[in-house]
Amino acid sequence: MRVALFTLVVATHTHGTTPDVAGGSGLLATVGHTTRYGFVAITVFVLFLGYSGRKVSPGVFWRRRFGQVVLPYLVWSVLYTVFLVWWDDSTPMPGAGELARDSVGSILTGDGRYHLYFLLISMQIYLLFPALQWLIHRTAGHHLELLAAAVTLQLGIFMFFDWPGATAVLGWSPQLHLWKAFPMYALFAVIGALLAVHFERIDAWVRANMPVVVGVAVLGCAYGLVGHLRDADAGIDSTRHSSPWNPQFLPLFVGALVLLYLVGMAWNDRRGSGNGPVGRIVSYGALRAFGVFAVHPMMIDVVYRVLPVDWMLDPIPRLRSAILTLIVLAASLLVVEVALRTPLSSALVARPRQPVRRRKTAHQAA
């Protein structure tokens with residue numbers, strides 16, 4: 001599921017740079033917003049599974065988890081701040097002091113690049129994980145009520161963010177930075193936690209009621225997609241009809257996550273030892289997913305600058321986005337492969353340094 005979501009992130013961001021069929025970019029962008037909510041659910045799910053039945057003090061947990069994300073976040077925030085200024089030929093390169101101030105601002109706001117905000121959200125998940133554990137424990141026996149409360153909270157936040165009068169009430173736009181705060185993702189954190197805590201029961205229920213689960217998930221997706229197309233056809237501004245907090249998209253986000261879970265479940269049932277082609281691809285991608293996520297916006301810029309994209313792809317405009325996505329993925333993976341084998345591996349791709357593989361000579365093989 002994580003590899004699929006990371007791939008969709010790259011596809012969405014790459015597609016957003018192409019002048020494809022009118023409305024297509026907005027539609028994929030709407031579906032692509034599922035990734036941010038899906039990442040929250042999966043992150044919390046994995047944490048609850050990993051720490052199930054284990055007593056770990058908050059201090060130990062925070063040292064372990066923050067160490068995995070803080071350094072890459074700091075490094076990439078600075079790298080993108082410098083890269084974007086250097087990449088822009090229209091403005092002179094600022095001095096070191098100005099770059100340092102801009103880097104600090106990027107770190108504080110998550111605006112080093114359009115995707116780095118999610119690392120801020122990840123840090124909030126780690127910070128609040130002990131509190132979330134306490135909440136799940138204290139509401140034992142009332143988890144359906146907790147889920148209903150989370151749905152209500154999520155829908156209420158979406159409605160407030162989507163309300164045109166919110167700026168007038170607050171005196172500033174709630175979309176400025178509040179969407180990077182943990183409450184915006186509360187429902188999906190609760191979904192991930194409850195799925196882990198009740199995994200066997202939920203898994204058995206899903207398998208016994210598969211047609212109902214698929215049907216409801218598909219209806220949720222259809223409701224959101226039809227709403228998007230209707231609003232786009234009516235000429236509603238794209239910042240609303242493709243908004244990640246438009247209330248009508250909540251069924252789409254939940255439904256798409258459920259369908260992705262079902263695909264992952266089906267694959268997991270059939271993967272055996274995991275040494276098949278798909279299993280090897282997933283294992284390969286899982287190790288490199290964070291690195292691809294971190295570097296892919298830079299690779300989108302590089303691909304457009306280095307390759308004659310218009311000349312290459314204008315004859316096949318309907319395949320333009322798909323081909324560009326493959327090129328960006330390949331370029332990103334190449335950078336990650338190099339980074340994995342350097343002493344900066346942990347800082348750049350949040351993974352331990354990988355050994356350089358050397359081909360065996362005929363003498364060594366013998």
# chains A, B, ... in the order shown; residues from 1 in each chain; ligands from 1

$ residues_around --residues "Ile281 (chain A)" --least-positions-apart "6" --cutoff "12 Å" --atoms "only C-alpha atoms" --output "compact mmCIF listing (two decimals) with N, CA and C atoms, in the first residue's frame"
# COMPACT_ATOMS: atom_id res chain seq x y z
N VAL A 3 3.95 1.59 -1.19
CA VAL A 3 4.58 1.75 -2.50
C VAL A 3 3.56 2.30 -3.50
N ALA A 4 2.33 1.80 -3.46
CA ALA A 4 1.29 2.28 -4.38
C ALA A 4 0.99 3.75 -4.14
N ARG A 271 1.08 -13.87 -2.17
CA ARG A 271 2.48 -13.60 -2.45
C ARG A 271 3.42 -14.72 -2.04
N GLY A 274 7.13 -14.22 -1.14
CA GLY A 274 7.47 -12.85 -1.52
C GLY A 274 8.61 -12.76 -2.51
N ASN A 275 9.04 -13.90 -3.06
CA ASN A 275 10.16 -13.91 -4.00
C ASN A 275 9.72 -13.84 -5.46
N LEU A 287 11.99 -0.09 0.14
CA LEU A 287 13.26 0.43 0.64
C LEU A 287 13.54 1.82 0.09
N ARG A 288 13.05 2.11 -1.09
CA ARG A 288 13.40 3.36 -1.78
C ARG A 288 12.26 4.37 -1.81
N ALA A 289 11.11 4.02 -1.26
CA ALA A 289 9.92 4.86 -1.38
C ALA A 289 10.13 6.26 -0.80

$ closest_atom_pairs --of "region 1-101 of chain A" --to "region 116-123 of chain A" --cutoff "9 Å" --atoms "only C-alpha atoms" --output "Markdown table"
| residue | atom | partner | partner_atom | distance |
| --- | --- | --- | --- | --- |
| A:Arg36 | CA | A:Phe118 | CA | 7.3 |
| A:Phe39 | CA | A:Phe118 | CA | 8.8 |
| A:Val40 | CA | A:Ser122 | CA | 7.6 |
| A:Thr43 | CA | A:Ser122 | CA | 8.0 |
| A:Arg65 | CA | A:Met123 | CA | 8.4 |
| A:Phe66 | CA | A:Met123 | CA | 6.7 |
| A:Val69 | CA | A:Leu119 | CA | 7.0 |
| A:Val70 | CA | A:Met123 | CA | 7.7 |
| A:Pro72 | CA | A:Leu119 | CA | 8.9 |
| A:Tyr73 | CA | A:Leu119 | CA | 6.5 |
| A:Trp76 | CA | A:Leu116 | CA | 8.1 |
| A:Ser77 | CA | A:Leu116 | CA | 7.4 |

$ select_by_dssp --residues "region 164-306 of chain A" --states "alpha helix (DSSP H)" --output "JSON, numbers by chain"
{"A": [166, 167, 168, 169, 170, 186, 187, 188, 189, 190, 191, 192, 193, 194, 195, 196, 197, 199, 200, 201, 202, 203, 204, 205, 206, 207, 208, 210, 211, 212, 213, 214, 215, 216, 217, 218, 219, 220, 221, 222, 223, 224, 225, 226, 227, 228, 229, 230, 231, 232, 233, 238, 239, 240, 241, 250, 251, 252, 253, 254, 255, 256, 257, 258, 259, 260, 261, 262, 263, 264, 265, 266, 267, 268, 269, 270, 277, 278, 279, 280, 281, 282, 283, 284, 285, 286, 287, 288, 289, 290, 291, 292, 293, 294, 295, 296, 297, 298, 299, 300, 301, 302, 303, 304, 305, 306]}

$ closest_residue --among "A:Leu260, A:Val216, A:Leu49, A:Leu250" --to "Leu5 (chain A)" --atoms "only C-alpha atoms"
A:Leu260

$ residues_around --residues "Gly112 (chain A)" --least-positions-apart "2" --cutoff "8 Å" --atoms "only C-alpha atoms" --output "ChimeraX atom specification"
/A:76-78,80-81,103,106-107,109-110,114,116

$ residues_around --residues "Ala322 (chain A)" --least-positions-apart "6" --cutoff "10 Å" --atoms "only C-alpha atoms" --output "MDAnalysis selection string"
chainID A and resid 11 14:15 328

$ closest_residue --among "A:Gln175, A:Ser57, A:Asn268, A:Thr91" --to "Phe129 (chain A)" --atoms "only C-alpha atoms"
A:Ser57

$ residues_around --residues "Gly95 (chain A)" --least-positions-apart "3" --cutoff "12 Å" --atoms "only C-alpha atoms" --output "VMD selection string"
chain A and resid 82 85 to 86 92 98 to 102

$ atom_distance --atom1 "CA of Ala330 (chain A)" --atom2 "CA of Leu259 (chain A)"
26.9 Å

$ atom_distance --atom1 "CA of Ala266 (chain A)" --atom2 "CA of Met210 (chain A)"
11.4 Å

$ closest_residue --among "A:Leu132, A:Tyr126, A:Gly215, A:Met299" --to "Gln68 (chain A)" --atoms "only C-alpha atoms"
A:Tyr126

$ residues_around --residues "region 136-148 of chain A" --least-positions-apart "3" --cutoff "8 Å" --atoms "only C-alpha atoms" --output "JSON list (two decimals) with N, CA and C atoms, in the first residue's frame"
[["chain", "number", "residue", "atom", "x", "y", "z"],
["A", 132, "LEU", "N", -2.47, 9.14, 21.50],
["A", 132, "LEU", "CA", -3.42, 8.37, 20.72],
["A", 132, "LEU", "C", -3.56, 6.96, 21.29],
["A", 133, "GLN", "N", -2.44, 6.38, 21.73],
["A", 133, "GLN", "CA", -2.50, 5.09, 22.42],
["A", 133, "GLN", "C", -3.40, 5.17, 23.65],
["A", 151, "VAL", "N", -15.37, 10.81, 12.51],
["A", 151, "VAL", "CA", -16.03, 11.18, 11.25],
["A", 151, "VAL", "C", -16.65, 12.57, 11.38],
["A", 152, "THR", "N", -17.33, 12.80, 12.50],
["A", 152, "THR", "CA", -17.96, 14.11, 12.72],
["A", 152, "THR", "C", -16.93, 15.23, 12.75],
["A", 187, "LEU", "N", -9.58, 11.58, 11.46],
["A", 187, "LEU", "CA", -10.34, 10.37, 11.13],
["A", 187, "LEU", "C", -9.41, 9.27, 10.64],
["A", 190, "VAL", "N", -7.45, 7.65, 13.39],
["A", 190, "VAL", "CA", -8.30, 6.73, 14.14],
["A", 190, "VAL", "C", -8.55, 5.45, 13.34],
["A", 191, "ILE", "N", -8.77, 5.57, 12.04],
["A", 191, "ILE", "CA", -8.96, 4.39, 11.20],
["A", 191, "ILE", "C", -7.74, 3.48, 11.28],
["A", 193, "ALA", "N", -5.46, 3.31, 13.64],
["A", 193, "ALA", "CA", -5.31, 2.75, 14.99],
["A", 193, "ALA", "C", -6.30, 1.62, 15.23],
["A", 194, "LEU", "N", -7.57, 1.83, 14.88],
["A", 194, "LEU", "CA", -8.59, 0.81, 15.13],
["A", 194, "LEU", "C", -8.39, -0.41, 14.26]]

$ residues_around --residues "Ala232 (chain A)" --least-positions-apart "3" --cutoff "9 Å" --atoms "only C-alpha atoms" --output "PDB file with N, CA, C and O atoms, in the first residue's frame"
ATOM      1  N   GLY A  23      -9.409  19.344 -17.710  1.00  0.00           N
ATOM      2  CA  GLY A  23     -10.068  18.724 -16.552  1.00  0.00           C
ATOM      3  C   GLY A  23      -9.358  17.490 -16.041  1.00  0.00           C
ATOM      4  O   GLY A  23      -9.602  17.072 -14.917  1.00  0.00           O
ATOM      5  N   GLY A  26      -7.107  18.131 -12.951  1.00  0.00           N
ATOM      6  CA  GLY A  26      -7.890  18.328 -11.742  1.00  0.00           C
ATOM      7  C   GLY A  26      -8.448  17.037 -11.196  1.00  0.00           C
ATOM      8  O   GLY A  26      -8.463  16.828  -9.987  1.00  0.00           O
ATOM      9  N   GLY A 227     -19.085  14.350  -8.086  1.00  0.00           N
ATOM     10  CA  GLY A 227     -19.121  15.705  -7.555  1.00  0.00           C
ATOM     11  C   GLY A 227     -18.043  16.580  -8.159  1.00  0.00           C
ATOM     12  O   GLY A 227     -18.284  17.746  -8.498  1.00  0.00           O
ATOM     13  N   HIS A 228     -16.845  16.030  -8.319  1.00  0.00           N
ATOM     14  CA  HIS A 228     -15.751  16.784  -8.935  1.00  0.00           C
ATOM     15  C   HIS A 228     -16.106  17.165 -10.375  1.00  0.00           C
ATOM     16  O   HIS A 228     -15.952  18.331 -10.773  1.00  0.00           O
ATOM     17  N   LEU A 229     -16.569  16.187 -11.161  1.00  0.00           N
ATOM     18  CA  LEU A 229     -16.882  16.453 -12.565  1.00  0.00           C
ATOM     19  C   LEU A 229     -18.033  17.444 -12.697  1.00  0.00           C
ATOM     20  O   LEU A 229     -18.019  18.309 -13.581  1.00  0.00           O
ATOM     21  N   GLY A 235     -18.061  25.186 -13.856  1.00  0.00           N
ATOM     22  CA  GLY A 235     -17.123  26.298 -13.870  1.00  0.00           C
ATOM     23  C   GLY A 235     -16.667  26.756 -12.503  1.00  0.00           C
ATOM     24  O   GLY A 235     -16.100  27.847 -12.352  1.00  0.00           O
ATOM     25  N   ILE A 236     -16.880  25.931 -11.467  1.00  0.00           N
ATOM     26  CA  ILE A 236     -16.418  26.274 -10.125  1.00  0.00           C
ATOM     27  C   ILE A 236     -14.897  26.256 -10.100  1.00  0.00           C
ATOM     28  O   ILE A 236     -14.252  25.396 -10.709  1.00  0.00           O
ATOM     29  N   ASP A 237     -14.317  27.220  -9.408  1.00  0.00           N
ATOM     30  CA  ASP A 237     -12.861  27.356  -9.361  1.00  0.00           C
ATOM     31  C   ASP A 237     -12.195  26.050  -8.945  1.00  0.00           C
ATOM     32  O   ASP A 237     -12.662  25.366  -8.037  1.00  0.00           O
ATOM     33  N   SER A 238     -11.068  25.724  -9.603  1.00  0.00           N
ATOM     34  CA  SER A 238     -10.402  24.445  -9.353  1.00  0.00           C
ATOM     35  C   SER A 238      -9.884  24.327  -7.927  1.00  0.00           C
ATOM     36  O   SER A 238      -9.702  23.221  -7.420  1.00  0.00           O
ATOM     37  N   HIS A 241     -13.135  22.715  -6.552  1.00  0.00           N
ATOM     38  CA  HIS A 241     -13.603  21.418  -7.052  1.00  0.00           C
ATOM     39  C   HIS A 241     -12.502  20.367  -7.061  1.00  0.00           C
ATOM     40  O   HIS A 241     -12.784  19.186  -7.315  1.00  0.00           O
ATOM     41  N   SER A 242     -11.241  20.756  -6.764  1.00  0.00           N
ATOM     42  CA  SER A 242     -10.172  19.773  -6.590  1.00  0.00           C
ATOM     43  C   SER A 242      -9.532  19.907  -5.216  1.00  0.00           C
ATOM     44  O   SER A 242      -8.416  19.432  -4.991  1.00  0.00           O
TER      45      SER A 242
END
